[in-house]
file run.cif (mmCIF, C-alpha atoms and all ligand atoms)
data_input
loop_
_atom_site.group_PDB
_atom_site.id
_atom_site.type_symbol
_atom_site.label_atom_id
_atom_site.label_comp_id
_atom_site.auth_asym_id
_atom_site.auth_seq_id
_atom_site.Cartn_x
_atom_site.Cartn_y
_atom_site.Cartn_z
ATOM 1 C CA ALA A 14 -104.725 146.708 29.227
ATOM 2 C CA LEU A 15 -102.978 146.923 25.862
ATOM 3 C CA ILE A 16 -103.955 143.381 24.884
ATOM 4 C CA ASN A 17 -107.545 144.131 25.918
ATOM 5 C CA MET A 18 -107.557 147.274 23.777
ATOM 6 C CA ALA A 19 -106.181 145.299 20.839
ATOM 7 C CA MET A 20 -109.116 142.885 21.227
ATOM 8 C CA LEU A 21 -111.520 145.846 21.269
ATOM 9 C CA VAL A 22 -109.986 147.170 18.035
ATOM 10 C CA LYS A 23 -110.243 143.681 16.464
ATOM 11 C CA GLU A 24 -113.898 143.409 17.440
ATOM 12 C CA THR A 25 -114.543 146.855 15.936
ATOM 13 C CA GLU A 26 -112.861 145.752 12.681
ATOM 14 C CA LEU A 27 -114.989 142.593 12.551
ATOM 15 C CA ARG A 28 -118.375 144.016 13.540
ATOM 16 C CA GLY A 29 -118.207 147.763 12.989
ATOM 17 C CA SER A 30 -118.325 148.842 16.634
ATOM 18 C CA PRO A 31 -117.209 147.510 20.023
ATOM 19 C CA SER A 32 -119.857 145.628 21.983
ATOM 20 C CA LEU A 33 -121.100 146.772 25.384
ATOM 21 C CA ALA A 34 -119.639 143.593 26.893
ATOM 22 C CA MET A 35 -116.200 144.398 25.426
ATOM 23 C CA ILE A 36 -116.360 148.003 26.668
ATOM 24 C CA LEU A 37 -117.215 146.824 30.180
ATOM 25 C CA VAL A 38 -114.392 144.266 30.314
ATOM 26 C CA ASN A 39 -111.901 146.863 29.042
ATOM 27 C CA ALA A 40 -113.139 149.572 31.436
ATOM 28 C CA PHE A 41 -113.153 147.308 34.521
ATOM 29 C CA GLN A 42 -109.658 146.006 33.946
ATOM 30 C CA LEU A 43 -108.304 149.426 33.023
ATOM 31 C CA LEU A 44 -109.670 150.728 36.327
ATOM 32 C CA TYR A 45 -107.792 147.901 38.130
ATOM 33 C CA VAL A 46 -104.525 148.776 36.355
ATOM 34 C CA VAL A 47 -104.859 152.552 36.854
ATOM 35 C CA ASP A 48 -105.804 151.966 40.511
ATOM 36 C CA ALA A 49 -102.618 149.936 41.068
ATOM 37 C CA PHE A 50 -100.517 152.838 39.798
ATOM 38 C CA TRP A 51 -102.577 155.511 41.544
ATOM 39 C CA HIS A 52 -102.242 153.730 44.905
ATOM 40 C CA GLU A 53 -98.775 152.446 44.175
ATOM 41 C CA GLU A 54 -97.500 153.152 47.695
ATOM 42 C CA ALA A 55 -100.048 150.654 49.104
ATOM 43 C CA ILE A 56 -98.112 147.852 47.364
ATOM 44 C CA LEU A 57 -95.315 148.343 49.906
ATOM 45 C CA THR A 58 -97.377 146.705 52.673
ATOM 46 C CA THR A 59 -98.551 143.687 50.610
ATOM 47 C CA MET A 60 -97.340 140.102 51.123
ATOM 48 C CA ASP A 61 -95.364 140.207 47.884
ATOM 49 C CA ILE A 62 -93.109 142.938 49.234
ATOM 50 C CA VAL A 63 -93.202 142.248 52.990
ATOM 51 C CA HIS A 64 -92.698 138.446 52.859
ATOM 52 C CA ASP A 65 -92.227 136.924 49.416
ATOM 53 C CA GLY A 66 -89.697 139.175 47.683
ATOM 54 C CA PHE A 67 -88.964 139.156 43.980
ATOM 55 C CA GLY A 68 -88.474 135.674 42.523
ATOM 56 C CA PHE A 69 -89.876 133.268 39.961
ATOM 57 C CA MET A 70 -93.504 133.743 41.032
ATOM 58 C CA LEU A 71 -93.507 137.506 40.473
ATOM 59 C CA ALA A 72 -91.206 137.506 37.440
ATOM 60 C CA TYR A 73 -93.100 134.803 35.544
ATOM 61 C CA GLY A 74 -96.475 135.794 36.974
ATOM 62 C CA ASP A 75 -96.328 139.462 36.064
ATOM 63 C CA LEU A 76 -94.637 139.130 32.685
ATOM 64 C CA ALA A 77 -96.313 136.016 31.255
ATOM 65 C CA TRP A 78 -99.184 134.663 33.334
ATOM 66 C CA VAL A 79 -101.055 137.870 34.178
ATOM 67 C CA PRO A 80 -101.181 139.331 30.617
ATOM 68 C CA PHE A 81 -102.341 135.929 29.308
ATOM 69 C CA LEU A 82 -104.918 135.368 32.021
ATOM 70 C CA TYR A 83 -106.452 138.827 32.243
ATOM 71 C CA SER A 84 -107.045 139.101 28.515
ATOM 72 C CA LEU A 85 -109.038 135.832 28.294
ATOM 73 C CA GLN A 86 -112.401 137.590 28.574
ATOM 74 C CA SER A 87 -111.741 140.145 25.842
ATOM 75 C CA TYR A 88 -110.214 137.396 23.671
ATOM 76 C CA PHE A 89 -113.343 135.311 24.189
ATOM 77 C CA LEU A 90 -115.605 138.227 23.216
ATOM 78 C CA VAL A 91 -113.852 138.650 19.848
ATOM 79 C CA THR A 92 -114.844 135.136 18.804
ATOM 80 C CA HIS A 93 -118.074 134.810 20.833
ATOM 81 C CA PRO A 94 -120.134 138.032 20.520
ATOM 82 C CA GLN A 95 -122.522 138.629 23.439
ATOM 83 C CA LYS A 96 -125.691 140.713 23.577
ATOM 84 C CA LEU A 97 -125.871 142.481 26.921
ATOM 85 C CA SER A 98 -129.063 144.278 27.955
ATOM 86 C CA LEU A 99 -128.733 147.695 29.633
ATOM 87 C CA PRO A 100 -130.235 146.553 32.998
ATOM 88 C CA LEU A 101 -127.854 143.577 33.105
ATOM 89 C CA ALA A 102 -124.912 145.815 32.184
ATOM 90 C CA GLY A 103 -125.997 148.238 34.963
ATOM 91 C CA GLY A 104 -126.108 145.362 37.470
ATOM 92 C CA ILE A 105 -122.611 144.237 36.460
ATOM 93 C CA VAL A 106 -121.273 147.821 36.789
ATOM 94 C CA LEU A 107 -122.756 148.002 40.315
ATOM 95 C CA LEU A 108 -121.200 144.643 41.203
ATOM 96 C CA ASN A 109 -117.796 145.821 39.996
ATOM 97 C CA GLY A 110 -118.239 149.072 41.955
ATOM 98 C CA LEU A 111 -119.059 147.097 45.106
ATOM 99 C CA GLY A 112 -115.998 144.853 44.661
ATOM 100 C CA TYR A 113 -113.782 147.828 43.929
ATOM 101 C CA SER A 114 -114.900 149.793 47.010
ATOM 102 C CA ILE A 115 -114.276 146.804 49.302
ATOM 103 C CA PHE A 116 -110.899 146.069 47.636
ATOM 104 C CA ARG A 117 -109.675 149.677 47.681
ATOM 105 C CA GLY A 118 -111.176 150.508 51.097
ATOM 106 C CA ALA A 119 -109.521 147.485 52.752
ATOM 107 C CA ASN A 120 -106.107 147.883 51.096
ATOM 108 C CA SER A 121 -105.933 151.621 51.792
ATOM 109 C CA GLN A 122 -107.125 151.194 55.376
ATOM 110 C CA LYS A 123 -104.407 148.660 56.177
ATOM 111 C CA ASN A 124 -101.755 150.643 54.336
ATOM 112 C CA THR A 125 -102.670 153.903 56.134
ATOM 113 C CA PHE A 126 -102.659 152.073 59.473
ATOM 114 C CA ARG A 127 -99.300 150.370 58.858
ATOM 115 C CA ARG A 128 -97.686 153.657 57.811
ATOM 116 C CA ASN A 129 -99.181 155.829 60.567
ATOM 117 C CA PRO A 130 -101.597 154.355 63.132
ATOM 118 C CA ALA A 131 -102.314 157.898 64.398
ATOM 119 C CA ASP A 132 -103.685 158.991 61.008
ATOM 120 C CA PRO A 133 -107.191 160.408 61.681
ATOM 121 C CA ARG A 134 -108.676 158.095 59.009
ATOM 122 C CA VAL A 135 -107.750 155.005 61.066
ATOM 123 C CA ALA A 136 -107.060 156.326 64.576
ATOM 124 C CA GLY A 137 -110.613 155.504 65.752
ATOM 125 C CA LEU A 138 -110.455 151.813 64.735
ATOM 126 C CA ARG A 139 -110.209 149.099 67.413
ATOM 127 C CA THR A 140 -106.951 147.140 67.548
ATOM 128 C CA ILE A 141 -105.250 144.209 69.303
ATOM 129 C CA PRO A 142 -101.703 144.760 70.624
ATOM 130 C CA THR A 143 -99.091 142.129 69.668
ATOM 131 C CA ALA A 144 -95.736 141.184 71.218
ATOM 132 C CA THR A 145 -93.938 142.736 68.225
ATOM 133 C CA GLY A 146 -95.212 146.205 69.146
ATOM 134 C CA ARG A 147 -97.414 146.311 66.008
ATOM 135 C CA ARG A 148 -101.158 146.250 66.368
ATOM 136 C CA LEU A 149 -103.793 144.314 64.426
ATOM 137 C CA LEU A 150 -106.974 146.020 63.250
ATOM 138 C CA VAL A 151 -110.160 144.349 64.533
ATOM 139 C CA SER A 152 -112.724 146.845 63.307
ATOM 140 C CA GLY A 153 -113.363 148.566 59.984
ATOM 141 C CA TRP A 154 -112.772 146.369 56.935
ATOM 142 C CA TRP A 155 -110.308 144.117 58.799
ATOM 143 C CA GLY A 156 -112.933 143.390 61.433
ATOM 144 C CA PHE A 157 -115.438 142.258 58.766
ATOM 145 C CA VAL A 158 -113.397 139.277 57.506
ATOM 146 C CA ARG A 159 -109.664 138.516 57.803
ATOM 147 C CA HIS A 160 -109.026 139.225 54.120
ATOM 148 C CA PRO A 161 -111.567 141.828 52.975
ATOM 149 C CA ASN A 162 -109.242 142.838 50.123
ATOM 150 C CA TYR A 163 -109.490 139.299 48.668
ATOM 151 C CA LEU A 164 -113.278 139.422 48.947
ATOM 152 C CA GLY A 165 -113.405 142.668 46.940
ATOM 153 C CA ASP A 166 -110.975 141.316 44.365
ATOM 154 C CA LEU A 167 -113.097 138.180 43.865
ATOM 155 C CA ILE A 168 -116.311 140.188 43.468
ATOM 156 C CA MET A 169 -114.566 142.207 40.751
ATOM 157 C CA ALA A 170 -113.319 138.991 39.117
ATOM 158 C CA LEU A 171 -116.935 137.834 38.851
ATOM 159 C CA ALA A 172 -117.988 141.183 37.330
ATOM 160 C CA TRP A 173 -115.247 140.809 34.683
ATOM 161 C CA SER A 174 -116.544 137.379 33.645
ATOM 162 C CA LEU A 175 -120.283 138.030 33.642
ATOM 163 C CA PRO A 176 -120.314 140.208 30.453
ATOM 164 C CA CYS A 177 -119.215 137.044 28.586
ATOM 165 C CA GLY A 178 -122.513 135.250 29.298
ATOM 166 C CA PHE A 179 -122.900 131.647 30.390
ATOM 167 C CA THR A 180 -122.221 129.661 27.223
ATOM 168 C CA HIS A 181 -118.589 128.783 27.918
ATOM 169 C CA ILE A 182 -116.362 128.119 30.935
ATOM 170 C CA LEU A 183 -113.324 129.906 29.449
ATOM 171 C CA PRO A 184 -114.190 133.445 30.656
ATOM 172 C CA TYR A 185 -114.750 131.984 34.137
ATOM 173 C CA PHE A 186 -111.324 130.377 34.245
ATOM 174 C CA TYR A 187 -109.981 133.559 35.837
ATOM 175 C CA ILE A 188 -112.352 133.625 38.808
ATOM 176 C CA ILE A 189 -111.977 129.859 39.399
ATOM 177 C CA TYR A 190 -108.189 130.055 39.305
ATOM 178 C CA PHE A 191 -108.153 133.284 41.358
ATOM 179 C CA THR A 192 -110.365 131.782 44.092
ATOM 180 C CA LEU A 193 -107.880 128.900 44.434
ATOM 181 C CA LEU A 194 -104.905 131.286 44.339
ATOM 182 C CA LEU A 195 -106.348 133.564 47.028
ATOM 183 C CA ALA A 196 -107.427 130.647 49.249
ATOM 184 C CA HIS A 197 -103.855 129.310 49.040
ATOM 185 C CA ARG A 198 -102.418 132.795 49.576
ATOM 186 C CA GLU A 199 -104.669 133.320 52.574
ATOM 187 C CA ALA A 200 -103.419 130.035 54.095
ATOM 188 C CA ARG A 201 -99.790 131.125 53.566
ATOM 189 C CA ASP A 202 -100.467 134.502 55.145
ATOM 190 C CA GLU A 203 -102.303 132.889 58.053
ATOM 191 C CA HIS A 204 -99.244 130.722 58.701
ATOM 192 C CA GLN A 205 -96.889 133.732 58.589
ATOM 193 C CA CYS A 206 -99.108 135.836 60.859
ATOM 194 C CA LEU A 207 -99.495 133.032 63.397
ATOM 195 C CA ARG A 208 -95.696 132.700 63.499
ATOM 196 C CA LYS A 209 -95.254 136.483 63.745
ATOM 197 C CA TYR A 210 -98.027 137.390 66.185
ATOM 198 C CA GLY A 211 -98.744 134.104 68.065
ATOM 199 C CA LEU A 212 -101.445 134.531 70.715
ATOM 200 C CA ALA A 213 -102.511 137.946 69.360
ATOM 201 C CA TRP A 214 -103.228 136.339 65.969
ATOM 202 C CA GLN A 215 -105.260 133.588 67.654
ATOM 203 C CA GLU A 216 -107.256 136.286 69.436
ATOM 204 C CA TYR A 217 -107.782 138.091 66.090
ATOM 205 C CA CYS A 218 -109.040 134.836 64.515
ATOM 206 C CA ARG A 219 -111.420 134.362 67.444
ATOM 207 C CA ARG A 220 -112.821 137.889 67.068
ATOM 208 C CA VAL A 221 -112.912 137.818 63.257
ATOM 209 C CA PRO A 222 -113.768 134.173 62.509
ATOM 210 C CA TYR A 223 -114.277 134.310 58.724
ATOM 211 C CA ARG A 224 -111.309 134.345 56.362
ATOM 212 C CA ILE A 225 -112.687 135.735 53.089
ATOM 213 C CA PHE A 226 -116.454 135.180 52.725
ATOM 214 C CA PRO A 227 -118.618 136.253 55.667
ATOM 215 C CA TYR A 228 -120.549 133.280 57.172
ATOM 216 C CA LEU A 229 -119.091 130.914 54.531
ATOM 217 C CA TYR A 230 -115.307 130.653 54.761
HETATM 218 P P1 LIG B 301 -102.433 141.692 52.171
HETATM 219 O O1 LIG B 301 -102.373 143.068 51.617
HETATM 220 O O2 LIG B 301 -103.751 141.157 52.592
HETATM 221 O O3 LIG B 301 -101.421 141.655 53.390
HETATM 222 C C1 LIG B 301 -101.405 140.660 54.390
HETATM 223 C C2 LIG B 301 -100.658 141.273 55.554
HETATM 224 O O4 LIG B 301 -101.452 142.313 56.136
HETATM 225 C C3 LIG B 301 -100.390 140.320 56.687
HETATM 226 O O5 LIG B 301 -99.251 139.531 56.447
HETATM 227 C C4 LIG B 301 -100.166 141.303 57.805
HETATM 228 O O6 LIG B 301 -98.843 141.826 57.643
HETATM 229 C C5 LIG B 301 -101.161 142.412 57.514
HETATM 230 N N1 LIG B 301 -102.413 142.204 58.221
HETATM 231 C C6 LIG B 301 -103.229 141.137 58.180
HETATM 232 N N2 LIG B 301 -104.297 141.302 58.977
HETATM 233 C C7 LIG B 301 -104.152 142.524 59.521
HETATM 234 C C8 LIG B 301 -104.935 143.271 60.463
HETATM 235 N N3 LIG B 301 -106.078 142.798 60.966
HETATM 236 N N4 LIG B 301 -104.502 144.493 60.822
HETATM 237 C C9 LIG B 301 -103.351 144.991 60.318
HETATM 238 N N5 LIG B 301 -102.573 144.314 59.440
HETATM 239 C C10 LIG B 301 -102.966 143.104 59.061
HETATM 240 O O7 LIG B 301 -101.785 140.633 51.227
HETATM 241 P P2 LIG B 301 -101.651 140.410 49.708
HETATM 242 O O8 LIG B 301 -100.330 140.901 49.275
HETATM 243 O O9 LIG B 301 -101.934 138.956 49.514
HETATM 244 O O10 LIG B 301 -102.806 141.233 48.960
HETATM 245 C C11 LIG B 301 -102.709 142.584 48.509
HETATM 246 C C12 LIG B 301 -103.730 142.851 47.434
HETATM 247 O O11 LIG B 301 -103.287 142.307 46.200
HETATM 248 C C13 LIG B 301 -105.096 142.218 47.715
HETATM 249 O O12 LIG B 301 -106.107 143.125 47.402
HETATM 250 C C14 LIG B 301 -105.159 141.034 46.779
HETATM 251 O O13 LIG B 301 -106.500 140.769 46.416
HETATM 252 C C15 LIG B 301 -104.309 141.544 45.617
HETATM 253 N N6 LIG B 301 -103.722 140.454 44.838
HETATM 254 C C16 LIG B 301 -103.990 140.440 43.484
HETATM 255 C C17 LIG B 301 -103.455 139.450 42.685
HETATM 256 C C18 LIG B 301 -103.768 139.450 41.227
HETATM 257 O O14 LIG B 301 -103.252 138.616 40.506
HETATM 258 N N7 LIG B 301 -104.630 140.336 40.770
HETATM 259 C C19 LIG B 301 -102.587 138.393 43.223
HETATM 260 C C20 LIG B 301 -102.395 138.512 44.642
HETATM 261 C C21 LIG B 301 -102.942 139.507 45.413
HETATM 262 P P3 LIG B 301 -98.112 142.791 58.698
HETATM 263 O O15 LIG B 301 -98.789 142.598 60.011
HETATM 264 O O16 LIG B 301 -96.691 142.356 58.665
HETATM 265 O O17 LIG B 301 -98.301 144.179 58.154
#
call {"tool": "encode", "arguments": {"input": "run.cif", "output": "structure tokens"}}
result
Amino acid sequence: ALINMAMLVKETELRGSPSLAMILVNAFQLLYVVDAFWHEEAILTTMDIVHDGFGFMLAYGDLAWVPFLYSLQSYFLVTHPQKLSLPLAGGIVLLNGLGYSIFRGANSQKNTFRRNPADPRVAGLRTIPTATGRRLLVSGWWGFVRHPNYLGDLIMALAWSLPCGFTHILPYFYIIYFTLLLAHREARDEHQCLRKYGLAWQEYCRRVPYRIFPYLY
């Protein structure tokens, strides 16, 4: 967020005022950062904490890779100014809102369920029992696809790239890389869940056949 803001200040120095595209990129990513802090407790039920633990991937990823990667769009906008019409900007805001609601809805639903399955917000959802005593959600967001949170995250990634126009691949590096990362992450999680839940996981996969993109993958 700080690097993005620095890019916004640089653009203002160069051209007198920040562009609409720059404001959108800053606002979208700031929302993502603030959301992570606001819903900090939901991080406790993510793969990073439950399975992976703190090691090279998180240390290098969070300190070096993420700040570099997430600021590519604002960096691009400093050197490649974009004219964004109001209707297009409105469409991109709606797309980001859609991605954010899927992302936040899915992550909060799973977190609420894992912490207290009797919570009224999730108590009415259908579940599959597993041999471990834990249950798997098969309705709500987790009955839509097996990783609705990844779907929402990818929709947001697209909304963060679109303000940069279509003249260069650089601003799209993030969504390309992120699609590969999440597909790989999904395969790792699938493997873990199959090991953990066995037949119950196979039943979940049968009832919720798509991994990330409905009717596609
Ligand atoms: P998830 O939050 O998707 O957690 C996966 C775990 O959820 C599974 O191992 C399983 O664990 C549980 N689970 C899976 N299916 C169900 C179900 N049907 N019902 C109940 N529990 C289920 O994993 P991630 O840590 O990969 O993702 C967290 C968020 O972080 C996502 O929104 C992702 O997009 C985001 N992310 C962002 C990155 C970035 O660079 N911006 C990088 C990576 C992730 P168990 O049963 O043990 O609870």
call {"tool": "resolve_selection", "arguments": {"input": "run.cif", "expression": "the PyMOL selection byres (((chain A and resi 42-45) around 10) and not hetatm)", "output": "VMD selection string"}}
result
chain A and resid 14 to 15 17 to 18 37 to 41 46 to 51 83 to 84 113 117 166 169 to 170 173
call {"tool": "closest_atom_pairs", "arguments": {"input": "run.cif", "of": "chain A", "to": "ligand LIG 301 (chain B)", "cutoff": "8 Å", "atoms": "all atoms listed in the file", "output": "Markdown table"}}
result
| residue | atom | partner | partner_atom | distance |
| --- | --- | --- | --- | --- |
| A:Ile56 | CA | B:LIG301 | C11 | 7.1 |
| A:Thr58 | CA | B:LIG301 | O17 | 6.1 |
| A:Thr59 | CA | B:LIG301 | O8 | 3.6 |
| A:Met60 | CA | B:LIG301 | O8 | 3.6 |
| A:Asp61 | CA | B:LIG301 | O8 | 5.2 |
| A:Ile62 | CA | B:LIG301 | O8 | 7.5 |
| A:Val63 | CA | B:LIG301 | O16 | 6.7 |
| A:His64 | CA | B:LIG301 | O5 | 7.5 |
| A:Val79 | CA | B:LIG301 | O14 | 6.7 |
| A:Phe116 | CA | B:LIG301 | O12 | 5.6 |
| A:Arg117 | CA | B:LIG301 | O12 | 7.5 |
| A:Ala119 | CA | B:LIG301 | O12 | 7.7 |
| A:Asn120 | CA | B:LIG301 | O12 | 6.0 |
| A:Lys123 | CA | B:LIG301 | C9 | 5.6 |
| A:Phe126 | CA | B:LIG301 | C9 | 7.2 |
| A:Arg127 | CA | B:LIG301 | O17 | 6.3 |
| A:Thr140 | CA | B:LIG301 | N4 | 7.6 |
| A:Arg147 | CA | B:LIG301 | O15 | 7.2 |
| A:Arg148 | CA | B:LIG301 | C9 | 6.6 |
| A:Leu149 | CA | B:LIG301 | N4 | 3.7 |
| A:Leu150 | CA | B:LIG301 | N4 | 3.8 |
| A:Val151 | CA | B:LIG301 | N3 | 5.6 |
| A:Trp155 | CA | B:LIG301 | N3 | 4.9 |
| A:Gly156 | CA | B:LIG301 | N3 | 6.9 |
| A:Arg159 | CA | B:LIG301 | N2 | 6.2 |
| A:His160 | CA | B:LIG301 | O2 | 5.8 |
| A:Pro161 | CA | B:LIG301 | O2 | 7.9 |
| A:Asn162 | CA | B:LIG301 | O12 | 4.2 |
| A:Tyr163 | CA | B:LIG301 | O13 | 4.0 |
| A:Leu164 | CA | B:LIG301 | O13 | 7.4 |
| A:Gly165 | CA | B:LIG301 | O13 | 7.2 |
| A:Asp166 | CA | B:LIG301 | O13 | 5.0 |
| A:Leu167 | CA | B:LIG301 | O13 | 7.5 |
| A:Phe191 | CA | B:LIG301 | O14 | 7.3 |
| A:Leu194 | CA | B:LIG301 | C19 | 7.6 |
| A:Leu195 | CA | B:LIG301 | C20 | 6.8 |
| A:Arg198 | CA | B:LIG301 | O9 | 6.2 |
| A:Glu199 | CA | B:LIG301 | O9 | 7.0 |
| A:Asp202 | CA | B:LIG301 | O5 | 5.3 |
| A:Glu203 | CA | B:LIG301 | O5 | 7.5 |
| A:Gln205 | CA | B:LIG301 | O5 | 6.6 |
| A:Cys206 | CA | B:LIG301 | O5 | 5.8 |
| A:Lys209 | CA | B:LIG301 | O16 | 7.9 |
| A:Tyr217 | CA | B:LIG301 | N3 | 7.2 |
call {"tool": "closest_residue", "arguments": {"input": "run.cif", "among": "A:Val158, A:Ala200, A:Ile168, A:Leu101", "to": "Arg219 of chain A", "atoms": "all atoms listed in the file"}}
result
A:Val158
call {"tool": "closest_residue", "arguments": {"input": "run.cif", "among": "A:Ala172, A:Leu76, A:Ala55, A:Met35", "to": "Tyr187 of chain A", "atoms": "only C-alpha atoms"}}
result
A:Ala172
call {"tool": "atom_distance", "arguments": {"input": "run.cif", "atom1": "atom CA of Ala196 of chain A", "atom2": "atom CA of His181 of chain A"}}
result
24.1 Å
call {"tool": "atom_distance", "arguments": {"input": "run.cif", "atom1": "atom CA of Thr192 of chain A", "atom2": "atom CA of Arg208 of chain A"}}
result
24.3 Å
call {"tool": "residues_around", "arguments": {"input": "run.cif", "residues": "segment 21-23 of chain A", "least_positions_apart": "5", "cutoff": "9 Å", "atoms": "all atoms listed in the file", "output": "list of chain:residue names"}}
result
A:Ile16, A:Arg28, A:Ser30, A:Pro31, A:Ser32, A:Met35, A:Ile36, A:Asn39, A:Ser87, A:Tyr88, A:Leu90, A:Val91
call {"tool": "atom_distance", "arguments": {"input": "run.cif", "atom1": "atom CA of Ile115 of chain A", "atom2": "atom CA of Ile225 of chain A"}}
result
11.8 Å
call {"tool": "residues_around", "arguments": {"input": "run.cif", "residues": "Phe179 of chain A", "least_positions_apart": "4", "cutoff": "12 Å", "atoms": "only C-alpha atoms", "output": "ChimeraX atom specification"}}
result
/A:89,93,95-97,174-175,183-185
call {"tool": "closest_residue", "arguments": {"input": "run.cif", "among": "A:Ala19, A:Ala34, A:Cys177, A:Leu207", "to": "Gly103 of chain A", "atoms": "all atoms listed in the file"}}
result
A:Ala34
call {"tool": "axis_aligned_box", "arguments": {"input": "run.cif", "around": "segment 33-38 of chain A", "padding_each_side": "6 Å", "output": "lines of an AutoDock Vina configuration file"}}
result
center_x = -117.7
center_y = 145.8
center_z = 27.8
size_x = 18.7
size_y = 16.4
size_z = 16.9
call {"tool": "closest_residue", "arguments": {"input": "run.cif", "among": "A:Pro222, A:Pro176, A:Pro142, A:Gly118", "to": "Ser98 of chain A", "atoms": "all atoms listed in the file"}}
result
A:Pro176
call {"tool": "closest_residue", "arguments": {"input": "run.cif", "among": "A:Ala77, A:Leu85, A:Leu27, A:Ala144", "to": "Ile182 of chain A", "atoms": "only C-alpha atoms"}}
result
A:Leu85
call {"tool": "decode", "arguments": {"input": "run.cif", "residues": "segment 155-160 of chain A", "atoms": "all heavy atoms", "output": "PDB file, in the first residue's frame"}}
result
ATOM      1  N   TRP A 155     -19.188 -22.783  -0.281  1.00  0.00           N
ATOM      2  CA  TRP A 155     -18.361 -23.981  -0.449  1.00  0.00           C
ATOM      3  C   TRP A 155     -19.108 -25.102  -1.167  1.00  0.00           C
ATOM      4  O   TRP A 155     -18.535 -26.174  -1.421  1.00  0.00           O
ATOM      5  CB  TRP A 155     -17.763 -24.405   0.896  1.00  0.00           C
ATOM      6  CG  TRP A 155     -16.872 -23.313   1.385  1.00  0.00           C
ATOM      7  CD1 TRP A 155     -17.275 -22.175   2.031  1.00  0.00           C
ATOM      8  CD2 TRP A 155     -15.467 -23.185   1.179  1.00  0.00           C
ATOM      9  NE1 TRP A 155     -16.189 -21.358   2.246  1.00  0.00           N
ATOM     10  CE2 TRP A 155     -15.067 -21.950   1.747  1.00  0.00           C
ATOM     11  CE3 TRP A 155     -14.491 -23.992   0.577  1.00  0.00           C
ATOM     12  CZ2 TRP A 155     -13.746 -21.507   1.726  1.00  0.00           C
ATOM     13  CZ3 TRP A 155     -13.174 -23.553   0.569  1.00  0.00           C
ATOM     14  CH2 TRP A 155     -12.817 -22.331   1.125  1.00  0.00           C
ATOM     15  N   GLY A 156     -20.383 -24.842  -1.510  1.00  0.00           N
ATOM     16  CA  GLY A 156     -21.113 -25.776  -2.335  1.00  0.00           C
ATOM     17  C   GLY A 156     -21.184 -25.277  -3.778  1.00  0.00           C
ATOM     18  O   GLY A 156     -21.672 -25.951  -4.674  1.00  0.00           O
ATOM     19  N   PHE A 157     -20.677 -24.086  -4.024  1.00  0.00           N
ATOM     20  CA  PHE A 157     -20.684 -23.464  -5.359  1.00  0.00           C
ATOM     21  C   PHE A 157     -19.510 -24.020  -6.175  1.00  0.00           C
ATOM     22  O   PHE A 157     -19.684 -24.579  -7.259  1.00  0.00           O
ATOM     23  CB  PHE A 157     -20.596 -21.954  -5.171  1.00  0.00           C
ATOM     24  CG  PHE A 157     -20.605 -21.141  -6.430  1.00  0.00           C
ATOM     25  CD1 PHE A 157     -21.587 -21.340  -7.389  1.00  0.00           C
ATOM     26  CD2 PHE A 157     -19.641 -20.171  -6.641  1.00  0.00           C
ATOM     27  CE1 PHE A 157     -21.591 -20.580  -8.561  1.00  0.00           C
ATOM     28  CE2 PHE A 157     -19.639 -19.410  -7.802  1.00  0.00           C
ATOM     29  CZ  PHE A 157     -20.608 -19.615  -8.758  1.00  0.00           C
ATOM     30  N   VAL A 158     -18.303 -23.846  -5.645  1.00  0.00           N
ATOM     31  CA  VAL A 158     -17.090 -24.495  -6.172  1.00  0.00           C
ATOM     32  C   VAL A 158     -16.252 -24.872  -4.947  1.00  0.00           C
ATOM     33  O   VAL A 158     -16.533 -24.417  -3.846  1.00  0.00           O
ATOM     34  CB  VAL A 158     -16.259 -23.567  -7.108  1.00  0.00           C
ATOM     35  CG1 VAL A 158     -16.894 -23.395  -8.457  1.00  0.00           C
ATOM     36  CG2 VAL A 158     -15.967 -22.233  -6.458  1.00  0.00           C
ATOM     37  N   ARG A 159     -15.171 -25.676  -5.162  1.00  0.00           N
ATOM     38  CA  ARG A 159     -14.425 -26.155  -3.994  1.00  0.00           C
ATOM     39  C   ARG A 159     -13.472 -25.090  -3.438  1.00  0.00           C
ATOM     40  O   ARG A 159     -12.985 -25.214  -2.324  1.00  0.00           O
ATOM     41  CB  ARG A 159     -13.661 -27.444  -4.345  1.00  0.00           C
ATOM     42  CG  ARG A 159     -14.582 -28.589  -4.731  1.00  0.00           C
ATOM     43  CD  ARG A 159     -13.981 -29.928  -4.424  1.00  0.00           C
ATOM     44  NE  ARG A 159     -12.849 -30.261  -5.262  1.00  0.00           N
ATOM     45  CZ  ARG A 159     -12.940 -30.864  -6.448  1.00  0.00           C
ATOM     46  NH1 ARG A 159     -14.119 -31.185  -6.944  1.00  0.00           N
ATOM     47  NH2 ARG A 159     -11.860 -31.151  -7.142  1.00  0.00           N
ATOM     48  N   HIS A 160     -13.197 -24.065  -4.228  1.00  0.00           N
ATOM     49  CA  HIS A 160     -12.381 -22.958  -3.715  1.00  0.00           C
ATOM     50  C   HIS A 160     -12.974 -21.614  -4.119  1.00  0.00           C
ATOM     51  O   HIS A 160     -12.378 -20.876  -4.903  1.00  0.00           O
ATOM     52  CB  HIS A 160     -10.924 -23.086  -4.177  1.00  0.00           C
ATOM     53  CG  HIS A 160     -10.101 -23.846  -3.207  1.00  0.00           C
ATOM     54  ND1 HIS A 160      -9.712 -23.333  -1.992  1.00  0.00           N
ATOM     55  CD2 HIS A 160      -9.633 -25.095  -3.245  1.00  0.00           C
ATOM     56  CE1 HIS A 160      -9.030 -24.229  -1.329  1.00  0.00           C
ATOM     57  NE2 HIS A 160      -8.952 -25.325  -2.065  1.00  0.00           N
TER      58      HIS A 160
END
